[in-house]
Structures are given as C-alpha cells and as structure tokens.
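Student: Please find final.txt (compact mmCIF, C-alpha atoms and all ligand atoms) on the next line:
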# COMPACT_ATOMS: atom_id res chain seq x y z
CA MET O 1 16.31 -17.98 -1.70
CA ASN O 2 17.63 -15.46 0.77
CA ALA O 3 19.89 -12.53 0.01
CA GLU O 4 22.95 -14.04 1.69
CA THR O 5 22.97 -17.19 -0.44
CA VAL O 6 25.67 -16.85 -3.09
CA CYS O 7 24.96 -18.80 -6.24
CA ALA O 8 27.40 -21.71 -6.68
CA ARG O 9 27.25 -21.57 -10.46
CA CYS O 10 28.14 -17.91 -11.00
CA GLY O 11 29.41 -16.75 -7.61
CA GLY O 12 26.74 -14.06 -7.58
CA ALA O 13 27.78 -12.41 -10.85
CA GLY O 14 24.55 -13.37 -12.61
CA TRP O 15 26.51 -14.53 -15.68
CA VAL O 16 28.17 -17.86 -16.53
CA LEU O 17 30.63 -18.66 -19.31
CA GLU O 18 29.63 -21.48 -21.58
CA ASP O 19 31.54 -23.21 -24.36
CA SER O 20 30.28 -22.43 -27.81
CA GLY O 21 32.29 -23.83 -30.73
CA GLY O 22 35.65 -23.49 -28.96
CA SER O 23 35.08 -20.00 -27.55
CA LYS O 24 33.43 -18.89 -24.33
CA VAL O 25 30.09 -17.10 -24.38
CA ALA O 26 28.59 -15.27 -21.41
CA LYS O 27 25.06 -16.37 -20.58
CA ARG O 28 22.60 -15.34 -17.92
CA CYS O 29 22.84 -17.67 -14.93
CA THR O 30 19.59 -19.32 -13.87
CA CYS O 31 19.83 -17.48 -10.53
CA TYR O 32 19.36 -14.14 -12.29
CA GLY O 33 15.64 -14.68 -12.88
CA ASP O 34 15.18 -15.94 -9.31
CA ARG O 35 16.85 -12.84 -7.89
CA ARG O 36 14.77 -10.55 -10.05
CA LYS O 37 11.60 -12.27 -8.88
CA GLN O 38 12.74 -12.15 -5.25
CA ALA O 39 13.38 -8.40 -5.59
CA LEU O 40 9.88 -7.93 -7.03
CA VAL O 41 8.39 -9.94 -4.15
CA ASP O 42 10.35 -7.88 -1.59
CA GLN O 43 9.20 -4.59 -3.13
CA ALA O 44 5.56 -5.63 -3.29
CA ASN O 45 4.88 -4.79 0.36
CA ILE O 46 2.66 -7.84 0.91
CA PRO O 47 1.87 -8.31 4.64
CA ARG O 48 3.38 -11.46 6.12
CA ARG O 49 -0.01 -13.04 6.87
CA TYR O 50 -0.94 -12.94 3.18
CA GLN O 51 2.37 -14.09 1.77
CA ASN O 52 1.22 -17.64 1.09
CA CYS O 53 -2.01 -16.62 -0.62
CA ARG O 54 -2.30 -18.18 -4.06
CA LEU O 55 -5.25 -18.74 -6.36
CA GLU O 56 -4.83 -22.50 -5.98
CA ASN O 57 -5.27 -22.33 -2.18
CA PHE O 58 -8.34 -20.04 -2.32
CA GLU O 59 -11.29 -21.93 -0.83
CA VAL O 60 -14.50 -21.97 -2.84
CA HIS O 61 -17.57 -22.16 -0.56
CA ASN O 62 -20.24 -20.83 -2.92
CA ASP O 63 -20.84 -19.68 -6.50
CA SER O 64 -19.69 -16.14 -5.86
CA HIS O 65 -16.32 -17.51 -4.69
CA GLY O 66 -16.06 -19.71 -7.78
CA ASP O 67 -16.84 -16.78 -10.10
CA ALA O 68 -14.40 -14.47 -8.31
CA LYS O 69 -11.65 -17.08 -8.54
CA LYS O 70 -12.29 -17.62 -12.26
CA ILE O 71 -12.12 -13.89 -12.98
CA SER O 72 -8.89 -13.64 -10.97
CA GLU O 73 -7.32 -16.49 -12.94
CA LYS O 74 -8.34 -14.84 -16.18
CA PHE O 75 -6.85 -11.55 -15.04
CA VAL O 76 -3.46 -13.21 -14.51
CA LYS O 77 -3.69 -15.14 -17.77
CA ASN O 78 -4.66 -12.10 -19.86
CA TYR O 79 -2.20 -9.67 -18.35
CA PRO O 80 -0.87 -7.36 -19.87
CA SER O 81 -3.69 -7.27 -22.43
CA GLN O 82 -6.14 -7.00 -19.51
CA GLU O 83 -7.73 -3.56 -19.81
CA VAL O 84 -9.59 -3.01 -16.55
CA GLY O 85 -8.79 -3.50 -12.89
CA LEU O 86 -11.00 -5.21 -10.34
CA LEU O 87 -13.14 -4.08 -7.41
CA PHE O 88 -13.89 -6.88 -4.94
CA ILE O 89 -16.90 -6.00 -2.77
CA GLY O 90 -18.09 -8.14 0.13
CA PRO O 91 -18.25 -8.55 3.91
CA CYS O 92 -15.22 -9.33 6.10
CA GLY O 93 -13.57 -12.72 5.82
CA VAL O 94 -14.87 -13.89 2.44
CA GLY O 95 -11.43 -13.86 0.82
CA LYS O 96 -11.27 -10.54 -1.06
CA THR O 97 -7.73 -9.78 0.07
CA HIS O 98 -6.66 -13.38 -0.52
CA LEU O 99 -7.70 -13.08 -4.18
CA ALA O 100 -6.19 -9.63 -4.68
CA VAL O 101 -2.86 -10.74 -3.18
CA SER O 102 -2.89 -14.00 -5.16
CA ILE O 103 -3.24 -12.08 -8.39
CA ILE O 104 -0.18 -9.92 -7.75
CA GLN O 105 1.86 -12.86 -6.41
CA GLU O 106 1.16 -14.79 -9.59
CA LEU O 107 1.87 -11.79 -11.82
CA ILE O 108 5.25 -11.41 -10.12
CA LEU O 109 6.13 -15.10 -10.23
CA LYS O 110 4.81 -15.90 -13.70
CA LYS O 111 5.23 -12.63 -15.56
CA ASP O 112 7.81 -10.52 -13.69
CA VAL O 113 5.30 -7.68 -13.22
CA ARG O 114 6.09 -4.91 -10.77
CA CYS O 115 3.22 -4.84 -8.25
CA ILE O 116 2.57 -3.18 -4.91
CA PHE O 117 0.11 -3.82 -2.07
CA TYR O 118 -1.23 -1.14 0.26
CA ASP O 119 -3.83 -1.19 2.95
CA PHE O 120 -5.88 1.98 2.37
CA ARG O 121 -5.40 3.21 5.95
CA ASP O 122 -1.67 2.55 5.90
CA LEU O 123 -1.24 4.44 2.67
CA ILE O 124 -3.08 7.50 4.02
CA ARG O 125 -1.13 7.28 7.28
CA GLU O 126 2.20 7.05 5.46
CA ILE O 127 1.42 10.02 3.27
CA GLN O 128 0.25 12.05 6.27
CA SER O 129 3.38 11.15 8.22
CA THR O 130 5.57 12.73 5.53
CA PHE O 131 4.03 16.11 6.41
CA THR O 132 5.54 16.15 9.90
CA PRO O 133 8.67 18.32 10.07
CA ASP O 134 10.96 15.49 11.28
CA SER O 135 9.85 12.98 8.65
CA ILE O 136 12.71 11.16 6.92
CA LEU O 137 10.58 10.30 3.91
CA SER O 138 9.13 12.81 1.49
CA GLU O 139 5.65 12.54 0.01
CA SER O 140 7.15 11.43 -3.29
CA ASP O 141 9.18 8.66 -1.58
CA VAL O 142 5.85 7.16 -0.55
CA LEU O 143 3.91 7.94 -3.72
CA THR O 144 6.44 7.12 -6.46
CA PRO O 145 6.23 3.32 -6.05
CA VAL O 146 2.42 3.60 -5.87
CA PHE O 147 2.34 5.57 -9.12
CA GLN O 148 4.87 3.40 -10.88
CA ALA O 149 3.73 -0.13 -10.02
CA GLU O 150 2.14 -1.85 -13.00
CA VAL O 151 -0.52 -3.29 -10.70
CA LEU O 152 -1.56 -1.73 -7.37
CA VAL O 153 -3.71 -3.48 -4.78
CA LEU O 154 -5.53 -0.99 -2.58
CA ASP O 155 -7.02 -3.08 0.22
CA GLU O 156 -9.95 -2.02 2.44
CA LEU O 157 -10.96 0.99 0.39
CA GLY O 158 -13.00 3.38 2.52
CA ALA O 159 -11.79 1.89 5.80
CA LYS O 160 -10.70 5.33 6.90
CA ARG O 161 -13.15 8.20 6.96
CA THR O 162 -12.71 10.60 4.11
CA SER O 163 -11.78 14.15 4.62
CA ALA O 164 -11.48 16.55 1.72
CA TRP O 165 -7.73 16.02 1.93
CA VAL O 166 -7.92 12.22 1.85
CA GLU O 167 -10.41 12.28 -0.99
CA GLU O 168 -8.22 14.62 -3.03
CA THR O 169 -5.06 12.58 -2.45
CA VAL O 170 -6.65 9.25 -3.27
CA PHE O 171 -8.31 10.70 -6.36
CA TYR O 172 -4.96 12.07 -7.50
CA ILE O 173 -3.31 8.62 -7.15
CA ILE O 174 -6.14 6.70 -8.78
CA ASN O 175 -6.55 9.20 -11.57
CA TYR O 176 -2.84 9.19 -12.36
CA ARG O 177 -2.93 5.40 -12.64
CA TYR O 178 -6.05 5.55 -14.81
CA ASN O 179 -4.51 8.09 -17.18
CA HIS O 180 -1.35 6.00 -17.48
CA LYS O 181 -3.30 2.79 -18.13
CA LYS O 182 -1.99 1.11 -15.00
CA LEU O 183 -4.31 -1.39 -13.38
CA THR O 184 -5.59 -1.18 -9.82
CA ILE O 185 -7.32 -3.87 -7.78
CA PHE O 186 -9.49 -2.61 -4.91
CA THR O 187 -11.18 -4.45 -2.08
CA THR O 188 -13.89 -2.97 0.11
CA ASN O 189 -16.30 -4.05 2.87
CA TYR O 190 -18.68 -1.23 2.03
CA PRO O 191 -21.71 -2.18 -0.04
CA ASP O 192 -22.21 -0.10 -3.13
CA THR O 193 -25.86 0.78 -3.05
CA ASP O 194 -28.06 3.77 -2.75
CA GLU O 195 -30.38 3.70 0.26
CA GLU O 196 -33.54 2.81 -1.69
CA GLU O 197 -32.13 -0.32 -3.27
CA ASP O 198 -30.31 -1.50 -0.16
CA ARG O 199 -32.18 -4.63 0.84
CA ARG O 200 -29.25 -6.48 2.34
CA ASP O 201 -29.35 -8.22 5.68
CA SER O 202 -27.97 -6.51 8.73
CA PHE O 203 -24.79 -8.57 8.75
CA TYR O 204 -23.74 -7.02 5.49
CA LYS O 205 -24.88 -3.50 6.27
CA LYS O 206 -22.68 -1.28 8.33
CA GLY O 207 -25.22 1.11 9.74
CA GLU O 208 -26.05 3.56 7.02
CA GLU O 209 -22.61 3.43 5.49
CA ASN O 210 -21.99 2.61 1.87
CA LEU O 211 -19.09 3.09 -0.50
CA VAL O 212 -20.18 6.54 -1.67
CA ASN O 213 -20.39 7.84 1.93
CA ARG O 214 -16.87 6.60 2.50
CA ILE O 215 -14.98 7.68 -0.61
CA GLY O 216 -17.13 10.30 -2.30
CA VAL O 217 -19.04 10.35 -5.59
CA ARG O 218 -16.18 11.42 -7.81
CA LEU O 219 -13.77 8.69 -6.73
CA ARG O 220 -16.47 6.03 -6.83
CA SER O 221 -17.41 6.90 -10.39
CA ARG O 222 -13.76 6.92 -11.53
CA ILE O 223 -13.24 3.48 -9.93
CA TYR O 224 -16.27 2.15 -11.79
CA GLU O 225 -14.80 3.35 -15.06
CA MET O 226 -11.54 1.52 -14.41
CA CYS O 227 -12.68 -1.71 -12.73
CA LYS O 228 -14.85 -4.75 -13.15
CA VAL O 229 -16.97 -5.09 -10.00
CA ILE O 230 -16.98 -8.52 -8.33
CA GLU O 231 -19.31 -9.16 -5.42
CA ILE O 232 -18.38 -11.93 -3.03
CA THR O 233 -20.96 -13.17 -0.53
CA GLY O 234 -20.78 -15.56 2.40
CA ASP O 235 -19.88 -15.90 6.05
CA ASP O 236 -16.65 -14.92 7.71
CA TYR O 237 -14.64 -18.05 6.86
CA ARG O 238 -11.50 -16.76 8.51
CA LYS O 239 -13.30 -16.40 11.85
CA MET O 240 -15.05 -19.75 11.48
CA ALA O 241 -11.81 -21.58 10.67
CA LYS O 242 -10.09 -19.93 13.60
CA GLN O 243 -12.89 -20.85 16.00
CA ALA O 244 -12.89 -24.46 14.75
CA GLY O 245 -9.16 -24.59 15.45
CA TYR O 246 -9.55 -23.57 19.12
CA ARG O 247 -9.87 -26.77 21.16
CA PHE O 248 -10.98 -26.92 24.77
ZN ZN R 1 24.05 -17.77 -10.54
Please go through the file and, once you have read it, give me the structure as structure tokens.

Tutor:
Amino acid sequence: MNAETVCARCGGAGWVLEDSGGSKVAKRCTCYGDRRKQALVDQANIPRRYQNCRLENFEVHNDSHGDAKKISEKFVKNYPSQEVGLLFIGPCGVGKTHLAVSIIQELILKKDVRCIFYDFRDLIREIQSTFTPDSILSESDVLTPVFQAEVLVLDELGAKRTSAWVEETVFYIINYRYNHKKLTIFTTNYPDTDEEEDRRDSFYKKGEENLVNRIGVRLRSRIYEMCKVIEITGDDYRKMAKQAGYRF
C-alpha cells in the first residue's frame, strides 16, 4: 500500500459504520492495521537492499545457519516474553544482517512492534553530524528513536574505530536500553576471542583485531549480559551468488 492510496471502504477515515440491531456502530476499518504496519515499516530505517529479507528466504548452507535461523524464529515467536537480545558473530556474507532484519520485519508485521535498524557507522556519523553548528537535527532527534524502539538492530558493531567519545556514546545508548529492558540485536564481523585462544583460519581473522579491540572491554561485557551469542560460520555466500550470476 502506498500513502496516496485512499481506502475505498472508509475514504481514509480509518473507521466504518456498520449496522448493529438497527443502529450504526463505528468500527475500525481493515485498512487501519495496514496503515499502522506501513508506518512502522517506514520508521524502521531498513536499507532498501534488505527490505525483502525474511526468515523464510534465509538460505541454510550449514548447521550454524540452521541453528541461527531456529533461534531467530524463536525470538519472534517468544517476543515480548523474550528476555535477551542477540549477538550474531561471523565473517562477511554469511547472512547475519539478513537474520537481524528478518526478525524486526516479522516483529513489525506479526506483532506491531516498533523497531529500528542502524548501521553502526551510520549511527555514529549521524550523531557526530549533529555537533556541527549548521546541523538541522539535534542529538536527541537522532537518539530518541534509538532509545525508544522496542527492538534495535545495530549492524556491523565495531566497524568504525572506537575513540573514547564513540565508546562513551555507544555505551550510553546500549546501557539505557539495557536498563529499560529493551532488546538489541547486534551483528559483528569481529571474532570475540582473546589472542591465546584464537585458532581461527586467516579468512576469519582480521589481522590482530577482535571485538574487544574494536568496542572496548566495558561495552563488550555489557553486550554479553544482554545478548545470546550466535556464531555463524561459512563462506561469503553473497559474493559467491553474485559471481555465479555474472555470465560471460
Ligand atoms: Zn479503510
């Protein structure tokens, strides 16, 4: 449905009059729920390339994909009695963002939950941009929807280098959500290991970088308190599918 379509049943009022024992009773038109859902979808800030992501079209290539999909389905089913968020960890192109987006799409469509998606770098950039003197938006214009959403997806955690300022700001957001029992779903490409136990192959390792280097000890430990960690392994399926589609 697009915003310009006027409902034929109610003329856009959202109410219809129905006969009930000789008198007319106002009832919610069926379009009302659709409009509410559409508004939730519009506010969710989901990038265009992820808009068709659903749990049912998530491709399972190995056991870790199957487990991650099952946990995601359970998350949607259990919400709002779900008590912890999720942290998807794995290399690029294994479907972490697909799952995170699918969860919030389904929460919006099935349960009318207010959700918001942010790429970690975009969020930092938007907050920083409010500090310039000619900024139209204030810091709270950017942060209020992030604080208030019932479920936040923070994609690519650690993708921007931390400075003390970034660390403080992100901790403030995450901690606020934790204290208000709001769930957050994170994705990250950075393995969560200390150097001694890091026996992963070079594809998975990004030099000496791990999650703690990128986001700091305090934030990492808070995220572990508020999330179930889900590791996804595998090759870069997005790249492989793309390459298979190029014909010469
Ligand atoms: Zn209507």

Student: What's the separation between CA of Val153 in chain O and CA of Thr233 in chain O, in Å to one decimal place?

Tutor: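 Atom-to-atom, CA of Val153 in chain O and CA of Thr233 in chain O are spaced 20.2 Å apart.
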
Student: I'd like the contact shell of range 3-18 of chain O - 12 Å cut-off, all atoms listed in the file, skipping same-chain residues fewer than 4 positions apart - returned as a count of residues only.

Tutor: 18

Student: Closest to Glu150 in chain O among O:Phe248, O:Phe131, O:Tyr79, O:Phe171, using only C-alpha atoms?

Tutor: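 Looking at the shortest contact to Glu150 in chain O, the residue is O:Tyr79.
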
Student: One decimal, in Å: what's the spacing between CA of Ile230 in chain O and CA of Gln243 in chain O?

Tutor: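 So the two atoms, CA of Ile230 in chain O and CA of Gln243 in chain O, lie 27.6 Å apart.
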
Student: Residues at most 7 Å from range 52-57 of chain O, counting all atoms listed in the file, excluding those fewer than 4 positions away in the same chain, as a list in words?

Tutor: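 These residues fall inside the cut-off: Lys69, His98, Leu99, Val101 and Ser102 of chain O.
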
Student: With C-alpha atoms retained, write the just-selected residues as a JSON list (two decimals), in the coordinates of the input.

Tutor:
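As a result, part20.json now contains:
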[["chain", "number", "residue", "atom", "x", "y", "z"],
["O", 69, "LYS", "CA", -11.65, -17.08, -8.54],
["O", 98, "HIS", "CA", -6.66, -13.38, -0.52],
["O", 99, "LEU", "CA", -7.70, -13.08, -4.18],
["O", 101, "VAL", "CA", -2.86, -10.74, -3.18],
["O", 102, "SER", "CA", -2.89, -14.00, -5.16]]

Student: Taking into account only C-alpha atoms, which residue in the set O:Asn62, O:Thr130, O:Ser163, O:Gln82 is nearest to Asn213 in chain O?

Tutor: O:Ser163
